[in-house]
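This report refers to the structure that appears directly beneath it.
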Amino acid sequence: SNEIDLTCHDPACADPIVTLSSTPTVCLSSTAPLSLTASVSFTGPNAGTASVSKYEWASYNELSDTWNTIVTNSTTAVTNVVTVAMPNKAGNFKYRVTVYNKDQKELCFASEEYTIKVVANPVPVLDFVDKNTLTCKQTILTMSASPVSGVTYTWSAGATAATANSATVINDGTYTVTVTNTDGCIGTAELAVTKNIENPTVTIPTVDDLTCATTALQRTLVANASANVTYAWSAGGTASSKLITAGGTYSVTVEDKTNGCTATSSVSVSQSTV
């Protein structure tokens with residue numbers, strides 16, 4: 001915003017015309033100081049030989065409704081640029097420069113105000129929609145960022161956008177979402193995806209063949225498996241052991257109850273009629 005106050009007490013005064021420029025909108029996360037530049041020209045009598053004697057810079061304190069001097073440049077060190085510290089909160093911050101005409105012994109001067117808007121960066125929160133670990137059964141995970149109106153979401157490599165604020169992943173690793181608001185200010189959040197696809201172990205020890213003398217009641221297959229698994233025998237049954245009544249190939253598949261990964265072992269049993 002610009003407001004010009006022009007005061008001249010000498011009819012022969014060359015009126016200064018001052019224009020302030022800066023970045024109108026900055027993000028709160030910026031660490032660089034704010035910089036304002038005053039451009040001055042003159043109009044009226046003696047405009048061609050007029051020059052600036054000093055620039056007076058000030059910032060506005062909204063609480064006290066006062067202007068606080070930032071710096072006053074003397075005749076020996078005239079500069080049209082000033083830098084001020086980045087504010088520590090979002091809001092509109094007003095600055096002013098007053099320019100004095102050197103030739104009229106500073107009887108003629110002009111002021112201009114400039115407002116810089118400091119915008120807070122979005123603060124996304126990223127979390128899993130349901131499951132948080134990739135497994136043999138859970139082969140895809142969905143992540144969701146906190147919904148915010150008027151922003152765009154950009155996901156890191158490996159994440160596939162599902163909706164505006166959610167994405168799916170199929171591999172473990174750390175994923176990032178970048179949220180950008182309409183003023184170009186950004187905020188990021190990241191989430192680590194883990195994977196558990198370790199297969200259980202299972203073996204079926206070899207047993208003697210079935211014979212006429214060795215009946216089925218004397219042959220039991222026992223699956224030696226890792227803990228926390230379920231059993232499924234090819235010939236039916238869900239126990240860790242299987243009573244056999246005929247020769248053939250028997251297999252058992254175990255499934256880890258935690259990650260759904262499986263392992264299979266088999267054994268062949270012969271049957272003699274002699």
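Letters A, B, ... go to the chains of the structure tokens in the order shown; residues in each chain start at 1; ligands are counted from 1 in the same order.
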Test item: residues at most 12 Å from Val177 of chain A, only C-alpha atoms, excluding those fewer than 4 positions along its chain, as a PDB file with N, CA and C atoms, in the first residue's frame:
```
ATOM      1  N   PRO A 122       2.156 -23.104   5.875  1.00  0.00           N
ATOM      2  CA  PRO A 122       1.271 -24.194   6.284  1.00  0.00           C
ATOM      3  C   PRO A 122       2.042 -25.237   7.087  1.00  0.00           C
ATOM      4  N   VAL A 123       1.349 -25.872   8.013  1.00  0.00           N
ATOM      5  CA  VAL A 123       1.979 -26.901   8.858  1.00  0.00           C
ATOM      6  C   VAL A 123       1.190 -28.201   8.694  1.00  0.00           C
ATOM      7  N   PRO A 124       1.543 -29.008   7.686  1.00  0.00           N
ATOM      8  CA  PRO A 124       0.798 -30.250   7.466  1.00  0.00           C
ATOM      9  C   PRO A 124       1.138 -31.320   8.494  1.00  0.00           C
ATOM     10  N   VAL A 125       0.186 -32.199   8.741  1.00  0.00           N
ATOM     11  CA  VAL A 125       0.398 -33.373   9.589  1.00  0.00           C
ATOM     12  C   VAL A 125       0.150 -34.597   8.722  1.00  0.00           C
ATOM     13  N   LEU A 126       1.135 -35.477   8.638  1.00  0.00           N
ATOM     14  CA  LEU A 126       1.063 -36.651   7.767  1.00  0.00           C
ATOM     15  C   LEU A 126       0.960 -37.908   8.610  1.00  0.00           C
ATOM     16  N   ASP A 127      -0.001 -38.760   8.253  1.00  0.00           N
ATOM     17  CA  ASP A 127      -0.199 -39.990   9.028  1.00  0.00           C
ATOM     18  C   ASP A 127      -0.756 -41.072   8.116  1.00  0.00           C
ATOM     19  N   MET A 143      -1.274 -42.903   2.859  1.00  0.00           N
ATOM     20  CA  MET A 143      -0.919 -41.813   3.761  1.00  0.00           C
ATOM     21  C   MET A 143      -1.830 -40.627   3.474  1.00  0.00           C
ATOM     22  N   SER A 144      -2.140 -39.891   4.512  1.00  0.00           N
ATOM     23  CA  SER A 144      -3.030 -38.741   4.344  1.00  0.00           C
ATOM     24  C   SER A 144      -2.452 -37.542   5.087  1.00  0.00           C
ATOM     25  N   ALA A 145      -2.424 -36.397   4.410  1.00  0.00           N
ATOM     26  CA  ALA A 145      -2.000 -35.138   5.029  1.00  0.00           C
ATOM     27  C   ALA A 145      -3.227 -34.382   5.495  1.00  0.00           C
ATOM     28  N   SER A 146      -3.067 -33.645   6.594  1.00  0.00           N
ATOM     29  CA  SER A 146      -4.190 -32.879   7.130  1.00  0.00           C
ATOM     30  C   SER A 146      -4.747 -31.966   6.042  1.00  0.00           C
ATOM     31  N   VAL A 151      -4.673 -24.931  -0.740  1.00  0.00           N
ATOM     32  CA  VAL A 151      -3.265 -25.329  -0.873  1.00  0.00           C
ATOM     33  C   VAL A 151      -3.144 -26.437  -1.912  1.00  0.00           C
ATOM     34  N   THR A 152      -1.919 -26.652  -2.364  1.00  0.00           N
ATOM     35  CA  THR A 152      -1.636 -27.779  -3.241  1.00  0.00           C
ATOM     36  C   THR A 152      -0.689 -28.728  -2.524  1.00  0.00           C
ATOM     37  N   TYR A 153      -0.791 -30.009  -2.869  1.00  0.00           N
ATOM     38  CA  TYR A 153       0.026 -31.043  -2.240  1.00  0.00           C
ATOM     39  C   TYR A 153       0.951 -31.649  -3.289  1.00  0.00           C
ATOM     40  N   THR A 154       2.219 -31.773  -2.944  1.00  0.00           N
ATOM     41  CA  THR A 154       3.193 -32.418  -3.826  1.00  0.00           C
ATOM     42  C   THR A 154       3.870 -33.536  -3.048  1.00  0.00           C
ATOM     43  N   TRP A 155       3.831 -34.737  -3.619  1.00  0.00           N
ATOM     44  CA  TRP A 155       4.370 -35.906  -2.928  1.00  0.00           C
ATOM     45  C   TRP A 155       5.741 -36.261  -3.470  1.00  0.00           C
ATOM     46  N   SER A 156       6.576 -36.805  -2.613  1.00  0.00           N
ATOM     47  CA  SER A 156       7.923 -37.206  -3.023  1.00  0.00           C
ATOM     48  C   SER A 156       7.848 -38.448  -3.910  1.00  0.00           C
ATOM     49  N   ALA A 157       8.973 -38.750  -4.558  1.00  0.00           N
ATOM     50  CA  ALA A 157       9.050 -39.882  -5.473  1.00  0.00           C
ATOM     51  C   ALA A 157       8.663 -41.175  -4.764  1.00  0.00           C
ATOM     52  N   GLY A 158       7.905 -41.995  -5.469  1.00  0.00           N
ATOM     53  CA  GLY A 158       7.482 -43.281  -4.917  1.00  0.00           C
ATOM     54  C   GLY A 158       6.101 -43.254  -4.323  1.00  0.00           C
ATOM     55  N   ALA A 159       5.572 -42.059  -4.074  1.00  0.00           N
ATOM     56  CA  ALA A 159       4.211 -41.933  -3.544  1.00  0.00           C
ATOM     57  C   ALA A 159       3.287 -41.525  -4.682  1.00  0.00           C
ATOM     58  N   THR A 160       2.188 -42.243  -4.820  1.00  0.00           N
ATOM     59  CA  THR A 160       1.225 -41.971  -5.887  1.00  0.00           C
ATOM     60  C   THR A 160       0.011 -41.272  -5.308  1.00  0.00           C
ATOM     61  N   ALA A 161      -0.260 -40.072  -5.789  1.00  0.00           N
ATOM     62  CA  ALA A 161      -1.389 -39.304  -5.272  1.00  0.00           C
ATOM     63  C   ALA A 161      -2.687 -40.052  -5.529  1.00  0.00           C
ATOM     64  N   ALA A 164      -6.474 -35.311  -3.296  1.00  0.00           N
ATOM     65  CA  ALA A 164      -5.695 -34.079  -3.150  1.00  0.00           C
ATOM     66  C   ALA A 164      -4.700 -34.178  -2.004  1.00  0.00           C
ATOM     67  N   ASN A 165      -5.119 -34.786  -0.895  1.00  0.00           N
ATOM     68  CA  ASN A 165      -4.251 -34.801   0.288  1.00  0.00           C
ATOM     69  C   ASN A 165      -3.858 -36.204   0.739  1.00  0.00           C
ATOM     70  N   SER A 166      -3.965 -37.199  -0.133  1.00  0.00           N
ATOM     71  CA  SER A 166      -3.551 -38.552   0.240  1.00  0.00           C
ATOM     72  C   SER A 166      -2.780 -39.202  -0.902  1.00  0.00           C
ATOM     73  N   ALA A 167      -1.959 -40.177  -0.541  1.00  0.00           N
ATOM     74  CA  ALA A 167      -1.146 -40.883  -1.533  1.00  0.00           C
ATOM     75  C   ALA A 167      -0.930 -42.311  -1.061  1.00  0.00           C
ATOM     76  N   THR A 168      -0.605 -43.179  -2.010  1.00  0.00           N
ATOM     77  CA  THR A 168      -0.340 -44.579  -1.699  1.00  0.00           C
ATOM     78  C   THR A 168       1.118 -44.906  -1.992  1.00  0.00           C
ATOM     79  N   ILE A 186       5.468 -22.569   1.817  1.00  0.00           N
ATOM     80  CA  ILE A 186       5.397 -24.029   1.855  1.00  0.00           C
ATOM     81  C   ILE A 186       5.619 -24.565   3.261  1.00  0.00           C
ATOM     82  N   GLY A 187       5.114 -25.774   3.464  1.00  0.00           N
ATOM     83  CA  GLY A 187       5.349 -26.533   4.684  1.00  0.00           C
ATOM     84  C   GLY A 187       5.505 -27.992   4.296  1.00  0.00           C
ATOM     85  N   THR A 188       6.309 -28.729   5.016  1.00  0.00           N
ATOM     86  CA  THR A 188       6.544 -30.131   4.681  1.00  0.00           C
ATOM     87  C   THR A 188       6.317 -31.028   5.892  1.00  0.00           C
ATOM     88  N   ALA A 189       6.019 -32.273   5.605  1.00  0.00           N
ATOM     89  CA  ALA A 189       5.905 -33.299   6.643  1.00  0.00           C
ATOM     90  C   ALA A 189       6.393 -34.605   6.031  1.00  0.00           C
ATOM     91  N   GLU A 190       6.967 -35.455   6.842  1.00  0.00           N
ATOM     92  CA  GLU A 190       7.455 -36.727   6.331  1.00  0.00           C
ATOM     93  C   GLU A 190       7.002 -37.877   7.212  1.00  0.00           C
ATOM     94  N   LEU A 191       6.999 -39.048   6.606  1.00  0.00           N
ATOM     95  CA  LEU A 191       6.518 -40.240   7.290  1.00  0.00           C
ATOM     96  C   LEU A 191       7.363 -41.424   6.834  1.00  0.00           C
ATOM     97  N   ALA A 192       7.793 -42.239   7.793  1.00  0.00           N
ATOM     98  CA  ALA A 192       8.616 -43.411   7.482  1.00  0.00           C
ATOM     99  C   ALA A 192       7.727 -44.640   7.333  1.00  0.00           C
TER     100      ALA A 192
END
```
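Of the residues listed (A:Thr98, A:Ser149, A:Asn68, A:Ser251), A:Thr98 shows the shortest atom-to-atom separation from Glu113 of chain A; distances use only C-alpha atoms.
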If you count only C-alpha atoms, which residues fall within 6 Å of Val269 of chain A, apart from same-chain ones fewer than 2 positions away, as a tab-separated table (two decimals) with N, CA and C atoms, in the first residue's frame?
```tsv
chain	number	residue	atom	x	y	z
A	209	ASP	N	8.54	-95.57	5.73
A	209	ASP	CA	7.42	-95.88	4.84
A	209	ASP	C	6.35	-96.67	5.56
A	247	GLY	N	0.23	-93.85	1.47
A	247	GLY	CA	1.42	-93.25	0.91
A	247	GLY	C	1.08	-92.06	0.03
A	248	GLY	N	2.09	-91.26	-0.27
A	248	GLY	CA	1.88	-90.10	-1.12
A	248	GLY	C	2.77	-88.94	-0.69
```
>> With distances taken over only C-alpha atoms, which residue among A:Val129, A:Val193, A:Val222, A:Ala162 lies nearest Tyr175 of chain A?
In response: A:Val193
> What lies within 7 Å of Ala14 of chain A using only C-alpha atoms, ignoring chain neighbours under 3 positions off, as a ChimeraX atom specification?
Replying inline: /A:42-47,50
Per DSSP on the backbone, filter segment 104-243 of chain A down to the residues in strand (DSSP E) and report them as a PDB file with C-alpha atoms, in the first residue's frame.
```pdb
ATOM      1  CA  CYS A 108      10.734  20.305   0.663  1.00  0.00           C
ATOM      2  CA  PHE A 109      10.192  16.635   1.358  1.00  0.00           C
ATOM      3  CA  ALA A 110       7.904  13.735   0.537  1.00  0.00           C
ATOM      4  CA  SER A 111       6.930  10.553   2.340  1.00  0.00           C
ATOM      5  CA  GLU A 112       5.652   7.198   1.199  1.00  0.00           C
ATOM      6  CA  GLU A 113       4.416   4.156   3.091  1.00  0.00           C
ATOM      7  CA  TYR A 114       4.696   0.528   2.062  1.00  0.00           C
ATOM      8  CA  THR A 115       3.004  -2.512   3.587  1.00  0.00           C
ATOM      9  CA  ILE A 116       4.627  -5.935   3.502  1.00  0.00           C
ATOM     10  CA  LYS A 117       2.465  -8.974   4.132  1.00  0.00           C
ATOM     11  CA  VAL A 118       4.095 -11.765   6.124  1.00  0.00           C
ATOM     12  CA  VAL A 119       2.306 -15.076   5.589  1.00  0.00           C
ATOM     13  CA  LEU A 126       1.063 -36.651   7.767  1.00  0.00           C
ATOM     14  CA  ASP A 127      -0.199 -39.990   9.028  1.00  0.00           C
ATOM     15  CA  PHE A 128      -1.312 -43.434   7.873  1.00  0.00           C
ATOM     16  CA  THR A 133       3.638 -51.494   7.775  1.00  0.00           C
ATOM     17  CA  LEU A 134       3.993 -53.213   4.425  1.00  0.00           C
ATOM     18  CA  THR A 135       3.596 -56.989   4.699  1.00  0.00           C
ATOM     19  CA  LEU A 141      -0.344 -48.291   2.313  1.00  0.00           C
ATOM     20  CA  THR A 142      -2.255 -45.022   2.224  1.00  0.00           C
ATOM     21  CA  MET A 143      -0.919 -41.813   3.761  1.00  0.00           C
ATOM     22  CA  SER A 144      -3.030 -38.741   4.344  1.00  0.00           C
ATOM     23  CA  ALA A 145      -2.000 -35.138   5.029  1.00  0.00           C
ATOM     24  CA  VAL A 151      -3.265 -25.329  -0.873  1.00  0.00           C
ATOM     25  CA  THR A 152      -1.636 -27.779  -3.241  1.00  0.00           C
ATOM     26  CA  TYR A 153       0.026 -31.043  -2.240  1.00  0.00           C
ATOM     27  CA  THR A 154       3.193 -32.418  -3.826  1.00  0.00           C
ATOM     28  CA  TRP A 155       4.370 -35.906  -2.928  1.00  0.00           C
ATOM     29  CA  THR A 160       1.225 -41.971  -5.887  1.00  0.00           C
ATOM     30  CA  ALA A 161      -1.389 -39.304  -5.272  1.00  0.00           C
ATOM     31  CA  ALA A 162      -4.801 -40.840  -4.603  1.00  0.00           C
ATOM     32  CA  THR A 163      -6.743 -37.707  -3.660  1.00  0.00           C
ATOM     33  CA  SER A 166      -3.551 -38.552   0.240  1.00  0.00           C
ATOM     34  CA  ALA A 167      -1.146 -40.883  -1.533  1.00  0.00           C
ATOM     35  CA  THR A 168      -0.340 -44.579  -1.699  1.00  0.00           C
ATOM     36  CA  VAL A 169       3.036 -46.333  -1.447  1.00  0.00           C
ATOM     37  CA  GLY A 173      11.267 -45.656   2.947  1.00  0.00           C
ATOM     38  CA  THR A 174      10.655 -42.072   4.052  1.00  0.00           C
ATOM     39  CA  TYR A 175       8.056 -40.082   2.137  1.00  0.00           C
ATOM     40  CA  THR A 176       7.482 -36.337   2.135  1.00  0.00           C
ATOM     41  CA  VAL A 177       4.515 -34.153   1.318  1.00  0.00           C
ATOM     42  CA  THR A 178       5.028 -30.491   0.459  1.00  0.00           C
ATOM     43  CA  VAL A 179       2.079 -28.164   0.969  1.00  0.00           C
ATOM     44  CA  THR A 180       2.044 -24.824  -0.861  1.00  0.00           C
ATOM     45  CA  ASN A 181      -0.476 -22.085  -0.141  1.00  0.00           C
ATOM     46  CA  ILE A 186       5.397 -24.029   1.855  1.00  0.00           C
ATOM     47  CA  GLY A 187       5.349 -26.533   4.684  1.00  0.00           C
ATOM     48  CA  THR A 188       6.544 -30.131   4.681  1.00  0.00           C
ATOM     49  CA  ALA A 189       5.905 -33.299   6.643  1.00  0.00           C
ATOM     50  CA  GLU A 190       7.455 -36.727   6.331  1.00  0.00           C
ATOM     51  CA  LEU A 191       6.518 -40.240   7.290  1.00  0.00           C
ATOM     52  CA  ALA A 192       8.616 -43.411   7.482  1.00  0.00           C
ATOM     53  CA  VAL A 193       7.168 -46.587   5.971  1.00  0.00           C
ATOM     54  CA  THR A 194       8.508 -49.909   7.244  1.00  0.00           C
ATOM     55  CA  LYS A 195       8.296 -53.366   5.714  1.00  0.00           C
ATOM     56  CA  ASN A 196       7.909 -56.781   7.331  1.00  0.00           C
ATOM     57  CA  VAL A 202       8.872 -74.998   8.371  1.00  0.00           C
ATOM     58  CA  THR A 203      10.268 -78.503   7.866  1.00  0.00           C
ATOM     59  CA  THR A 220       2.414 -89.020  12.155  1.00  0.00           C
ATOM     60  CA  LEU A 221       3.953 -86.137  10.265  1.00  0.00           C
ATOM     61  CA  VAL A 222       5.105 -83.268  12.489  1.00  0.00           C
ATOM     62  CA  ASN A 224       8.576 -77.972  12.825  1.00  0.00           C
ATOM     63  CA  ALA A 225       7.753 -74.297  12.252  1.00  0.00           C
ATOM     64  CA  VAL A 229       1.927 -69.354  12.581  1.00  0.00           C
ATOM     65  CA  THR A 230      -1.117 -71.193  11.298  1.00  0.00           C
ATOM     66  CA  TYR A 231      -0.975 -74.575   9.526  1.00  0.00           C
ATOM     67  CA  ALA A 232      -2.720 -75.852   6.409  1.00  0.00           C
ATOM     68  CA  TRP A 233      -2.045 -79.419   5.241  1.00  0.00           C
ATOM     69  CA  SER A 241       0.888 -82.642  13.003  1.00  0.00           C
ATOM     70  CA  LYS A 242      -0.846 -84.866  10.490  1.00  0.00           C
ATOM     71  CA  LEU A 243      -1.800 -88.552  10.827  1.00  0.00           C
TER      72      LEU A 243
END
```
>> From the options A:Ile197, A:Val52, A:Val40, A:Ala32, which residue's atoms come nearest to Cys261 of chain A, counting only C-alpha atoms?
In response: A:Ile197
> Near Ser266 of chain A, counting only C-alpha atoms, which residues have an atom at most 7 Å away, once you skip same-chain residues fewer than 5 positions from it, shown as a VMD selection string?
Replying inline: chain A and resid 204 249 to 252
Any chance you can output those residues with C-alpha atoms as an mmCIF file, in the first residue's frame?
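After the write, selection_17.cif holds the following:
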```cif
data_model
loop_
_atom_site.group_PDB
_atom_site.id
_atom_site.type_symbol
_atom_site.label_atom_id
_atom_site.label_comp_id
_atom_site.auth_asym_id
_atom_site.auth_seq_id
_atom_site.Cartn_x
_atom_site.Cartn_y
_atom_site.Cartn_z
ATOM 1 C CA ILE A 204 8.719 -81.970 7.941
ATOM 2 C CA THR A 249 3.314 -86.620 -0.991
ATOM 3 C CA TYR A 250 2.181 -84.451 1.898
ATOM 4 C CA SER A 251 2.801 -80.754 2.232
ATOM 5 C CA VAL A 252 2.068 -78.181 4.862
#
```
>> If DSSP is run on the backbone, what residues of segment 5-228 of chain A are helix (DSSP H, G or I)? A reply as a list in words would be ideal.
In response: Ala47, Gly48, Thr49, Thr75, Thr76, Ala77, Ala216, Leu217 and Gln218 of chain A
Please save N, CA, C and O atoms of the selected residues as a PDB file, in the first residue's frame.
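Once everything was written out, this is result.pdb:
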```pdb
ATOM      1  N   ALA A  47      14.038  21.164 -10.970  1.00  0.00           N
ATOM      2  CA  ALA A  47      14.001  19.701 -10.847  1.00  0.00           C
ATOM      3  C   ALA A  47      15.262  19.059 -11.401  1.00  0.00           C
ATOM      4  O   ALA A  47      15.730  18.024 -10.905  1.00  0.00           O
ATOM      5  N   GLY A  48      15.830  19.687 -12.430  1.00  0.00           N
ATOM      6  CA  GLY A  48      16.997  19.090 -13.070  1.00  0.00           C
ATOM      7  C   GLY A  48      18.232  19.068 -12.207  1.00  0.00           C
ATOM      8  O   GLY A  48      19.129  18.245 -12.412  1.00  0.00           O
ATOM      9  N   THR A  49      18.326  19.963 -11.239  1.00  0.00           N
ATOM     10  CA  THR A  49      19.517  20.022 -10.382  1.00  0.00           C
ATOM     11  C   THR A  49      19.244  19.564  -8.953  1.00  0.00           C
ATOM     12  O   THR A  49      20.146  19.582  -8.109  1.00  0.00           O
ATOM     13  N   THR A  75      23.750  13.496   5.194  1.00  0.00           N
ATOM     14  CA  THR A  75      24.177  13.998   3.889  1.00  0.00           C
ATOM     15  C   THR A  75      25.430  13.284   3.395  1.00  0.00           C
ATOM     16  O   THR A  75      25.625  13.087   2.195  1.00  0.00           O
ATOM     17  N   THR A  76      26.264  12.864   4.310  1.00  0.00           N
ATOM     18  CA  THR A  76      27.521  12.219   3.907  1.00  0.00           C
ATOM     19  C   THR A  76      27.364  10.732   3.612  1.00  0.00           C
ATOM     20  O   THR A  76      28.300  10.109   3.131  1.00  0.00           O
ATOM     21  N   ALA A  77      26.201  10.177   3.917  1.00  0.00           N
ATOM     22  CA  ALA A  77      25.997   8.734   3.667  1.00  0.00           C
ATOM     23  C   ALA A  77      24.562   8.510   3.214  1.00  0.00           C
ATOM     24  O   ALA A  77      23.772   7.873   3.888  1.00  0.00           O
ATOM     25  N   ALA A 216      -1.114 -97.112   9.711  1.00  0.00           N
ATOM     26  CA  ALA A 216      -1.233 -95.654   9.653  1.00  0.00           C
ATOM     27  C   ALA A 216      -1.194 -95.030  11.035  1.00  0.00           C
ATOM     28  O   ALA A 216      -0.746 -93.903  11.207  1.00  0.00           O
ATOM     29  N   LEU A 217      -1.672 -95.766  12.010  1.00  0.00           N
ATOM     30  CA  LEU A 217      -1.707 -95.208  13.352  1.00  0.00           C
ATOM     31  C   LEU A 217      -0.321 -94.991  13.913  1.00  0.00           C
ATOM     32  O   LEU A 217      -0.142 -94.314  14.913  1.00  0.00           O
ATOM     33  N   GLN A 218       0.673 -95.574  13.239  1.00  0.00           N
ATOM     34  CA  GLN A 218       2.031 -95.427  13.733  1.00  0.00           C
ATOM     35  C   GLN A 218       2.842 -94.398  12.936  1.00  0.00           C
ATOM     36  O   GLN A 218       4.032 -94.292  13.121  1.00  0.00           O
TER      37      GLN A 218
END
```
